[in-house]
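**Q** Enclosed is the structure file run-v9.cif (mmCIF, C-alpha atoms).
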data_upload
#
loop_
_atom_site.label_atom_id
_atom_site.label_comp_id
_atom_site.auth_asym_id
_atom_site.auth_seq_id
_atom_site.Cartn_x
_atom_site.Cartn_y
_atom_site.Cartn_z
CA MET C 1 27.57 12.87 3.93
CA SER C 2 27.33 16.01 6.04
CA VAL C 3 24.23 16.70 8.13
CA SER C 4 22.91 19.20 5.58
CA GLN C 5 23.48 16.73 2.73
CA THR C 6 21.68 14.04 4.73
CA LEU C 7 18.72 16.33 5.37
CA LEU C 8 18.65 17.42 1.73
CA THR C 9 18.59 13.76 0.61
CA ILE C 10 15.73 13.03 3.02
CA GLY C 11 13.94 16.10 1.63
CA LEU C 12 14.35 14.85 -1.93
CA VAL C 13 13.00 11.40 -1.06
CA MET C 14 10.04 13.17 0.53
CA LEU C 15 9.59 15.33 -2.58
CA GLY C 16 9.74 12.29 -4.89
CA THR C 17 7.15 10.47 -2.79
CA LEU C 18 4.87 13.53 -2.75
CA ILE C 19 5.12 13.83 -6.54
CA THR C 20 4.05 10.21 -7.07
CA ARG C 21 1.12 10.57 -4.65
CA TYR C 22 -0.17 13.98 -5.79
CA LEU C 23 0.47 13.78 -9.52
CA ALA C 24 -2.85 12.26 -10.62
CA PHE C 25 -4.86 14.65 -8.42
CA LEU C 26 -2.96 17.70 -9.68
CA LEU C 27 -3.31 16.67 -13.34
CA PHE C 28 -7.03 15.94 -13.01
CA PRO C 29 -8.40 18.34 -10.38
CA ALA C 30 -11.95 18.25 -9.10
CA GLY C 31 -14.37 20.47 -10.92
CA ARG C 32 -12.75 20.08 -14.30
CA SER C 33 -13.95 17.14 -16.36
CA THR C 34 -11.59 14.16 -16.33
CA PRO C 35 -10.84 12.68 -19.78
CA PRO C 36 -12.92 9.53 -20.49
CA TYR C 37 -9.76 7.45 -20.85
CA VAL C 38 -8.63 8.41 -17.34
CA GLN C 39 -12.15 7.73 -16.00
CA TYR C 40 -11.94 4.29 -17.59
CA LEU C 41 -8.55 3.70 -15.95
CA GLY C 42 -10.03 4.78 -12.62
CA LYS C 43 -12.57 1.99 -12.96
CA VAL C 44 -10.29 -0.86 -14.06
CA LEU C 45 -7.06 0.04 -12.23
CA PRO C 46 -8.19 -0.81 -8.65
CA ALA C 47 -8.59 -4.53 -9.37
CA ALA C 48 -5.48 -4.65 -11.55
CA VAL C 49 -3.31 -2.80 -9.03
CA LEU C 50 -4.53 -4.99 -6.16
CA GLY C 51 -3.44 -7.97 -8.29
CA MET C 52 -0.04 -6.33 -8.70
CA LEU C 53 0.21 -5.81 -4.93
CA VAL C 54 -0.46 -9.51 -4.34
CA ILE C 55 2.41 -10.42 -6.68
CA TYR C 56 4.52 -7.73 -4.96
CA CYS C 57 4.04 -9.54 -1.63
CA TYR C 58 5.31 -12.76 -3.17
CA LYS C 59 8.30 -11.29 -4.98
CA GLY C 60 10.81 -12.66 -2.46
CA VAL C 61 9.39 -16.20 -2.51
CA SER C 62 11.31 -18.81 -4.46
CA LEU C 63 9.13 -21.36 -6.20
CA GLY C 64 9.96 -25.06 -6.20
CA GLY C 65 12.18 -26.53 -3.53
CA PRO C 66 11.51 -29.77 -1.68
CA LEU C 67 8.00 -28.67 -0.63
CA HIS C 68 6.72 -27.92 -4.14
CA GLY C 69 5.49 -24.53 -3.11
CA PRO C 70 6.67 -22.70 0.00
CA PRO C 71 4.65 -22.00 3.17
CA GLU C 72 3.73 -18.56 1.78
CA CYS C 73 1.72 -20.19 -1.01
CA LEU C 74 -0.07 -22.72 1.20
CA ALA C 75 -0.97 -20.13 3.84
CA GLY C 76 -1.99 -17.69 1.09
CA ALA C 77 -4.33 -20.27 -0.46
CA VAL C 78 -5.95 -20.84 2.96
CA VAL C 79 -6.50 -17.07 3.34
CA VAL C 80 -8.19 -16.78 -0.06
CA LEU C 81 -10.37 -19.89 0.40
CA LEU C 82 -11.48 -18.81 3.86
CA GLN C 83 -12.26 -15.29 2.66
CA PHE C 84 -14.39 -16.58 -0.22
CA TRP C 85 -16.14 -19.01 2.10
CA LYS C 86 -16.68 -17.09 5.35
CA LYS C 87 -16.00 -13.47 4.27
CA ASN C 88 -14.54 -12.75 7.71
CA LEU C 89 -11.44 -10.54 7.64
CA PHE C 90 -10.07 -11.53 11.04
CA LEU C 91 -10.73 -15.24 10.64
CA SER C 92 -8.85 -15.25 7.32
CA LEU C 93 -5.94 -13.22 8.68
CA LEU C 94 -5.59 -15.18 11.92
CA ALA C 95 -5.88 -18.61 10.28
CA GLY C 96 -3.49 -17.69 7.46
CA THR C 97 -0.86 -16.03 9.63
CA GLY C 98 -1.17 -18.72 12.30
CA LEU C 99 -0.70 -21.48 9.73
CA TYR C 100 2.26 -19.65 8.22
CA MET C 101 4.01 -19.28 11.60
CA LEU C 102 3.28 -22.93 12.38
CA LEU C 103 4.78 -24.02 9.05
CA LEU C 104 7.87 -21.89 9.67
CA ALA C 105 8.30 -23.44 13.10
CA LEU C 106 7.81 -27.00 11.82
CA LEU C 107 9.92 -26.85 8.66
CA MET A 1 -18.82 19.46 11.68
CA ARG A 2 -20.54 17.43 14.33
CA LYS A 3 -18.57 15.51 16.87
CA GLU A 4 -20.77 12.45 16.32
CA THR A 5 -19.88 12.36 12.62
CA LEU A 6 -16.19 12.17 13.47
CA GLU A 7 -16.74 9.64 16.22
CA ARG A 8 -18.82 7.36 14.04
CA ALA A 9 -16.26 7.51 11.22
CA ALA A 10 -13.38 6.80 13.61
CA ARG A 11 -15.25 3.85 15.13
CA ALA A 12 -15.95 2.38 11.69
CA ALA A 13 -12.36 2.90 10.52
CA LEU A 14 -10.53 1.51 13.55
CA PRO A 15 -11.34 -2.22 13.16
CA VAL A 16 -10.38 -2.37 9.48
CA THR A 17 -6.98 -0.88 10.30
CA LEU A 18 -6.13 -3.36 13.07
CA PRO A 19 -4.33 -5.80 10.72
CA ILE A 20 -2.26 -2.84 9.55
CA LEU A 21 -1.50 -1.99 13.18
CA ALA A 22 0.07 -5.42 13.56
CA GLY A 23 1.99 -5.14 10.28
CA PHE A 24 3.17 -1.54 10.67
CA LEU A 25 4.28 -1.99 14.25
CA PHE A 26 6.55 -4.84 13.24
CA VAL A 27 7.85 -3.31 10.02
CA GLY A 28 8.19 0.08 11.74
CA ILE A 29 10.16 -1.45 14.61
CA ALA A 30 12.34 -3.27 12.08
CA TYR A 31 12.90 0.03 10.28
CA GLY A 32 13.90 1.84 13.46
CA ILE A 33 16.37 -0.93 14.31
CA PHE A 34 17.68 -0.95 10.74
CA MET A 35 18.42 2.79 10.78
CA ARG A 36 20.14 2.59 14.17
CA SER A 37 22.26 -0.28 12.86
CA LEU A 38 23.44 2.03 10.05
CA GLY A 39 24.71 4.42 12.73
CA PHE A 40 21.95 7.05 12.70
CA SER A 41 20.54 8.58 15.87
CA ALA A 42 16.90 7.80 16.72
CA TRP A 43 15.78 11.17 15.32
CA TYR A 44 16.52 10.23 11.73
CA PRO A 45 14.16 7.24 11.30
CA ILE A 46 11.42 9.05 13.26
CA LEU A 47 11.79 12.19 11.13
CA MET A 48 11.78 10.10 7.94
CA SER A 49 8.66 8.19 8.96
CA ILE A 50 6.88 11.48 9.62
CA LEU A 51 8.02 13.19 6.41
CA ILE A 52 8.17 10.33 3.90
CA PHE A 53 5.69 7.65 5.10
CA ALA A 54 6.60 5.08 2.44
CA GLY A 55 7.88 1.82 3.91
CA SER A 56 9.99 0.20 1.23
CA MET A 57 11.38 3.53 -0.01
CA GLN A 58 12.52 4.43 3.50
CA PHE A 59 14.65 1.29 3.66
CA VAL A 60 16.16 2.25 0.29
CA ALA A 61 16.69 5.81 1.57
CA GLY A 62 18.55 4.45 4.61
CA ASN A 63 21.05 2.83 2.26
CA LEU A 64 21.26 6.01 0.14
CA LEU A 65 22.25 8.01 3.19
CA THR A 66 25.28 5.81 3.80
CA GLN A 67 26.59 6.48 0.28
CA PRO A 68 28.19 9.58 -1.28
CA PHE A 69 25.84 12.56 -1.75
CA ASP A 70 23.93 12.21 -5.04
CA PRO A 71 20.71 14.32 -4.98
CA LEU A 72 19.56 13.57 -8.52
CA ASN A 73 19.90 9.83 -7.99
CA ALA A 74 17.92 10.10 -4.73
CA LEU A 75 15.03 11.85 -6.49
CA LEU A 76 14.96 9.56 -9.54
CA LEU A 77 15.21 6.41 -7.46
CA THR A 78 12.28 7.60 -5.32
CA LEU A 79 10.16 8.29 -8.40
CA LEU A 80 10.93 4.79 -9.68
CA VAL A 81 10.36 2.89 -6.42
CA ASN A 82 7.16 4.80 -5.65
CA ALA A 83 5.85 4.95 -9.23
CA ARG A 84 2.97 2.63 -8.29
CA HIS A 85 1.48 5.45 -6.19
CA MET A 86 0.61 7.30 -9.40
CA PHE A 87 -1.77 4.43 -10.21
CA TYR A 88 -3.30 4.69 -6.75
CA GLY A 89 -3.96 8.35 -7.44
CA ILE A 90 -5.79 7.60 -10.68
CA ALA A 91 -7.81 4.85 -8.99
CA MET A 92 -8.78 7.20 -6.13
CA LEU A 93 -9.53 10.30 -8.24
CA GLU A 94 -13.28 9.93 -8.03
CA LYS A 95 -13.33 8.85 -4.36
CA TYR A 96 -11.02 11.60 -3.05
CA GLN A 97 -12.28 14.50 -5.14
CA ASN A 98 -14.77 16.86 -3.50
CA LEU A 99 -13.79 15.93 0.06
CA GLY A 100 -12.66 19.42 1.06
CA PRO A 101 -9.25 20.36 2.46
CA LYS A 102 -8.74 16.97 4.13
CA ARG A 103 -8.24 15.42 0.70
CA TRP A 104 -4.69 16.86 0.67
CA TYR A 105 -3.87 14.75 3.69
CA LEU A 106 -5.57 11.69 2.15
CA MET A 107 -3.32 12.06 -0.89
CA PHE A 108 -0.21 12.43 1.28
CA GLY A 109 -1.05 9.24 3.16
CA LEU A 110 -1.78 7.07 0.13
CA CYS A 111 0.57 4.18 0.96
CA ASP A 112 -0.01 0.58 -0.26
CA GLU A 113 -2.05 -0.44 2.78
CA THR A 114 -4.20 2.68 3.08
CA PHE A 115 -4.86 2.58 -0.66
CA SER A 116 -5.97 -1.04 -0.63
CA VAL A 117 -8.32 -0.52 2.33
CA ASN A 118 -9.85 2.71 1.02
CA VAL A 119 -10.18 1.68 -2.61
CA SER A 120 -12.15 -1.43 -1.68
CA ALA A 121 -13.95 -0.19 1.46
CA GLU A 122 -17.69 -0.53 1.68
CA VAL A 123 -18.32 2.38 4.00
CA PRO A 124 -21.13 1.42 6.41
CA GLU A 125 -24.45 3.23 6.12
CA GLY A 126 -24.68 6.39 8.20
CA VAL A 127 -20.89 6.83 8.24
CA ASP A 128 -19.38 9.82 6.44
CA ARG A 129 -17.30 8.47 3.57
CA GLY A 130 -14.68 11.23 3.57
CA TRP A 131 -14.04 11.04 7.29
CA PHE A 132 -13.89 7.24 7.12
CA TYR A 133 -11.07 7.53 4.55
CA PHE A 134 -9.47 10.19 6.73
CA PHE A 135 -9.37 8.04 9.86
CA VAL A 136 -8.08 4.97 8.00
CA THR A 137 -5.25 7.18 6.68
CA LEU A 138 -4.61 8.80 10.06
CA PHE A 139 -4.53 5.52 12.02
CA ASP A 140 -2.17 3.88 9.51
CA ASN A 141 0.07 6.94 9.55
CA PHE A 142 0.15 6.87 13.34
CA TYR A 143 0.95 3.11 13.53
CA TRP A 144 3.91 3.61 11.20
CA ILE A 145 5.38 6.49 13.20
CA LEU A 146 4.72 4.62 16.46
CA GLY A 147 6.44 1.46 15.21
CA THR A 148 9.44 3.39 13.94
CA THR A 149 9.75 5.29 17.22
CA LEU A 150 9.60 2.09 19.29
CA GLY A 151 12.21 0.43 17.09
CA ALA A 152 14.48 3.47 17.05
CA LEU A 153 14.37 3.99 20.83
CA PHE A 154 14.05 0.48 22.24
CA GLY A 155 15.07 -1.76 19.33
CA SER A 156 18.25 -2.89 21.03
CA PHE A 157 16.19 -4.53 23.79
CA LEU A 158 14.06 -6.58 21.42
CA THR A 159 15.09 -10.04 20.37
CA PHE A 160 11.98 -11.63 18.88
CA ASP A 161 11.58 -13.19 15.47
CA THR A 162 9.33 -11.05 13.30
CA GLN A 163 9.44 -13.19 10.18
CA GLY A 164 6.20 -15.07 10.78
CA ILE A 165 4.03 -12.14 11.82
CA LEU A 166 4.93 -10.17 8.69
CA PHE A 167 2.75 -12.57 6.72
CA VAL A 168 -0.23 -10.63 8.08
CA MET A 169 0.44 -7.95 5.46
CA THR A 170 0.43 -10.49 2.63
CA ALA A 171 -2.75 -12.00 4.07
CA LEU A 172 -4.36 -8.55 4.20
CA PHE A 173 -3.64 -7.89 0.53
CA LEU A 174 -4.99 -11.34 -0.36
CA VAL A 175 -8.21 -10.67 1.58
CA ILE A 176 -8.68 -7.27 -0.08
CA PHE A 177 -7.98 -8.76 -3.49
CA SER A 178 -10.55 -11.53 -2.80
CA ASN A 179 -13.16 -8.98 -1.70
CA GLN A 180 -12.62 -6.92 -4.83
CA TRP A 181 -12.92 -10.11 -6.91
CA MET A 182 -16.23 -11.08 -5.28
CA ARG A 183 -17.63 -7.61 -5.91
CA ASP A 184 -16.49 -7.25 -9.55
CA SER A 185 -18.78 -8.59 -12.23
CA ASN A 186 -15.86 -8.72 -14.66
CA HIS A 187 -12.55 -10.28 -13.59
CA ILE A 188 -10.43 -9.30 -16.56
CA PRO A 189 -8.78 -6.25 -14.88
CA ALA A 190 -7.86 -8.36 -11.83
CA LEU A 191 -6.46 -11.13 -14.04
CA VAL A 192 -4.50 -8.60 -16.09
CA GLY A 193 -2.96 -7.24 -12.89
CA LEU A 194 -2.03 -10.68 -11.58
CA GLY A 195 -0.87 -12.09 -14.91
CA ILE A 196 1.20 -9.16 -16.17
CA SER A 197 2.87 -8.64 -12.78
CA PHE A 198 3.69 -12.33 -12.50
CA LEU A 199 5.18 -12.34 -16.01
CA ALA A 200 7.18 -9.18 -15.27
CA LEU A 201 8.47 -10.69 -12.02
CA MET A 202 9.60 -13.84 -13.80
CA LEU A 203 11.23 -11.91 -16.66
CA CYS A 204 12.75 -8.92 -14.86
CA GLY A 205 13.30 -10.07 -11.29
CA ALA A 206 12.12 -8.71 -7.96
CA ASP A 207 14.09 -5.45 -8.07
CA ARG A 208 12.63 -3.90 -11.20
CA PHE A 209 9.38 -5.64 -12.06
CA ILE A 210 7.05 -2.94 -10.73
CA PRO A 211 7.62 -0.24 -13.41
CA ILE A 212 7.51 -2.93 -16.12
CA SER A 213 4.27 -4.33 -14.65
CA MET A 214 2.73 -0.86 -14.62
CA LEU A 215 3.54 -0.28 -18.27
CA GLY A 216 2.26 -3.75 -19.18
CA ILE A 217 -0.97 -3.30 -17.21
CA LEU A 218 -1.55 0.12 -18.78
CA LEU A 219 -0.95 -1.29 -22.26
CA CYS A 220 -3.23 -4.31 -21.75
CA LEU A 221 -6.07 -2.30 -20.23
CA THR A 222 -5.79 0.26 -23.04
CA VAL A 223 -5.98 -2.45 -25.70
CA LEU A 224 -8.91 -4.07 -23.88
CA ARG A 225 -10.81 -0.81 -23.44
CA PRO A 226 -13.17 -1.18 -26.44
CA TYR A 227 -14.02 -4.71 -25.28
CA LEU A 228 -14.45 -3.86 -21.58
CA GLU A 229 -16.53 -0.73 -22.18
CA LYS A 230 -18.86 -2.46 -24.61
CA GLU A 231 -22.26 -3.35 -23.13
CA GLY A 232 -21.13 -2.12 -19.73
CA ARG A 233 -18.88 -5.03 -18.94
CA ILE A 234 -17.25 -2.97 -16.17
#
Kindly transcribe the structure held in the file into structure tokens.
**A**
Amino acid sequence: MSVSQTLLTIGLVMLGTLITRYLAFLLFPAGRSTPPYVQYLGKVLPAAVLGMLVIYCYKGVSLGGPLHGPPECLAGAVVVLLQFWKKNLFLSLLAGTGLYMLLLALL
Amino acid sequence: MRKETLERAARAALPVTLPILAGFLFVGIAYGIFMRSLGFSAWYPILMSILIFAGSMQFVAGNLLTQPFDPLNALLLTLLVNARHMFYGIAMLEKYQNLGPKRWYLMFGLCDETFSVNVSAEVPEGVDRGWFYFFVTLFDNFYWILGTTLGALFGSFLTFDTQGILFVMTALFLVIFSNQWMRDSNHIPALVGLGISFLALMLCGADRFIPISMLGILLCLTVLRPYLEKEGRI
């Protein structure tokens, strides 16, 4: 690729990203009434999409193996339990990440 | 605009972005090193992090740049990889509307991490909501460019293992998901998101499960709409 082709490709990746981020806001601008169906989606999508992001984080993890569930799952369970129990962001993150690094070092 | 308003919003936003600082520094450094290893000068990854600001797509774009010129493919692939951002937009419509000109920057910076923090944030009392969102977006954006720059310029001097620390991003998403769960009175949307995405991952594999998940989630939530909207279940 020449320099101009490289820059054009970068520009197109930027354009594609901008389209995906601006589309909803351009289709349903402020001031005009948003269709009820889209309002409904706005209410239920946050929880659903956060669920999708959790799965997204685990997409590279292979289930099974000798440990019956890799370190990612064990450390992840600790994060969720701690967050439900103590509701402290940093405690959950530190304990989970610390445990994960420990497991990686030990296994 | 009063200076105190900005200061208070920045102070409230900074601590919630610290986990992202850790994650973005490491991923950004990895990205800078990755691009240098493909033979690009330091300017390319830095420029891309400023212009694109989409982590996984930038890694894909790095590979694209080493292949023959194919503009249409570059655009379509970006739309596919980043399709999930359209859902973020719909979820943030109400929150980001009516925030003045800064909303255009908020939309630009709507990456996975910024979305998950802002969509679930309980903005403290006395803090301006719009400027809180703004500073979360700005800090995250800055961390990403900083990480990329460090990796691109000094990556060759670094020899540490980043595998373990990257779990902080997974942990962050788990915490945010848990918080959302505790706040929701109805857990069906969350379960739909988890369940459909898990099914799609098992059936379609890691490379293409996101668009399938999105369609499945949309379908399920549409079918469930009469049930969920009845008697104010959501």
**Q** Within 10 Å of (8.3, 13.3, -11.0) (file coordinates; only C-alpha atoms), which protein or nucleic acid residues are there? I'd like them as a PyMOL selection string.
**A** (chain C and resi 15-23) or (chain A and resi 75-76+78-80+83+86)
**Q** Identify all residues satisfying the PyMOL selection byres ((chain A and resi 143) around 8) in the given file; provide them as a PDB file with C-alpha atoms, keeping the file's coordinate frame.
**A**
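Okay, expr-v7.pdb is ready:
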ATOM      1  CA  ILE A  20      -2.260  -2.840   9.550  1.00  0.00           C
ATOM      2  CA  LEU A  21      -1.500  -1.990  13.180  1.00  0.00           C
ATOM      3  CA  PHE A  24       3.170  -1.540  10.670  1.00  0.00           C
ATOM      4  CA  LEU A  25       4.280  -1.990  14.250  1.00  0.00           C
ATOM      5  CA  PHE A 139      -4.530   5.520  12.020  1.00  0.00           C
ATOM      6  CA  ASP A 140      -2.170   3.880   9.510  1.00  0.00           C
ATOM      7  CA  ASN A 141       0.070   6.940   9.550  1.00  0.00           C
ATOM      8  CA  PHE A 142       0.150   6.870  13.340  1.00  0.00           C
ATOM      9  CA  TRP A 144       3.910   3.610  11.200  1.00  0.00           C
ATOM     10  CA  ILE A 145       5.380   6.490  13.200  1.00  0.00           C
ATOM     11  CA  LEU A 146       4.720   4.620  16.460  1.00  0.00           C
ATOM     12  CA  GLY A 147       6.440   1.460  15.210  1.00  0.00           C
TER      13      GLY A 147
END
**Q** Using the chain letters and numbers from this file, what does the PyMOL selection byres ((chain C and resi 10) around 10) select? Give the answer as a list in words.
**A**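 When the PyMOL selection byres ((chain C and resi 10) around 10) is applied to the shown file, the picked residues are Ser4, Gln5, Thr6, Leu7, Leu8, Thr9, Gly11, Leu12, Val13, Met14, Leu15 and Gly16 of chain C; Tyr44, Leu47, Met48, Leu51, Ile52, Gln58, Ala61, Gly62, Leu64, Leu65, Pro71, Ala74 and Leu75 of chain A.
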**Q** Mind pulling up the distance from CA of Thr114 (chain A) to CA of Pro71 (chain C)?
**A**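 Taking CA of Pro71 (chain C) and CA of Thr114 (chain A), their separation equals 26.2 Å.
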**Q** Using only C-alpha atoms, which of the listed residues (C:Ala24, C:Val44, C:Cys73, C:Val61) sits closest to Ala171 (chain A)?
**A**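 So, comparing all the options, the nearest one is C:Cys73.
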**Q** Could you tell me which residues the PyMOL selection byres ((chain A and resi 185-197) around 9) returns for this structure, as a PyMOL selection string?
**A** (chain C and resi 44-56) or (chain A and resi 177+180-184+198-202+209-210+212-214+216-217+220-221+228+233-234)
**Q** With distances taken over only C-alpha atoms, which residue among A:Val168, A:Leu174, A:Leu218, A:Met35 lies nearest Leu99 (chain C)?
**A**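 Nearest to Leu99 (chain C): A:Val168.
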**Q** I'd like to know which of A:Gly232, A:Pro68, A:Gly32, A:Gly89 is closest to Gly109 (chain A), using only C-alpha atoms.
**A** A:Gly89
**Q** Quote the spacing between CA of Glu4 (chain A) and CA of Phe135 (chain A) in Å to one decimal place.
**A**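 We find that CA of Glu4 (chain A) and CA of Phe135 (chain A) lie 13.8 Å from each other.
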**Q** Mind giving me the axis-aligned box for region 85-95 of chain A with 3 Å on every side, centre plus edges in Å to one decimal, as JSON?
**A**
{"center_x": -5.9, "center_y": 7.4, "center_z": -7.5, "size_x": 20.8, "size_y": 11.9, "size_z": 12.3}
**Q** Calculate how many Å separate CA of Arg32 (chain C) from CA of Phe108 (chain A), rounding to one decimal.
**A**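 Value for the CA of Arg32 (chain C)-CA of Phe108 (chain A) distance: 21.4 Å.
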**Q** Using all atoms listed in the file, which of C:Lys59, C:Ala105, C:Val3, C:Leu27 sits nearest chain A?
**A**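 So, comparing all the options, the nearest one is C:Lys59.
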**Q** Considering all atoms listed in the file, can you say which of C:Leu82, C:Pro35, C:Leu103, C:Met1 comes closest to chain A?
**A** C:Met1
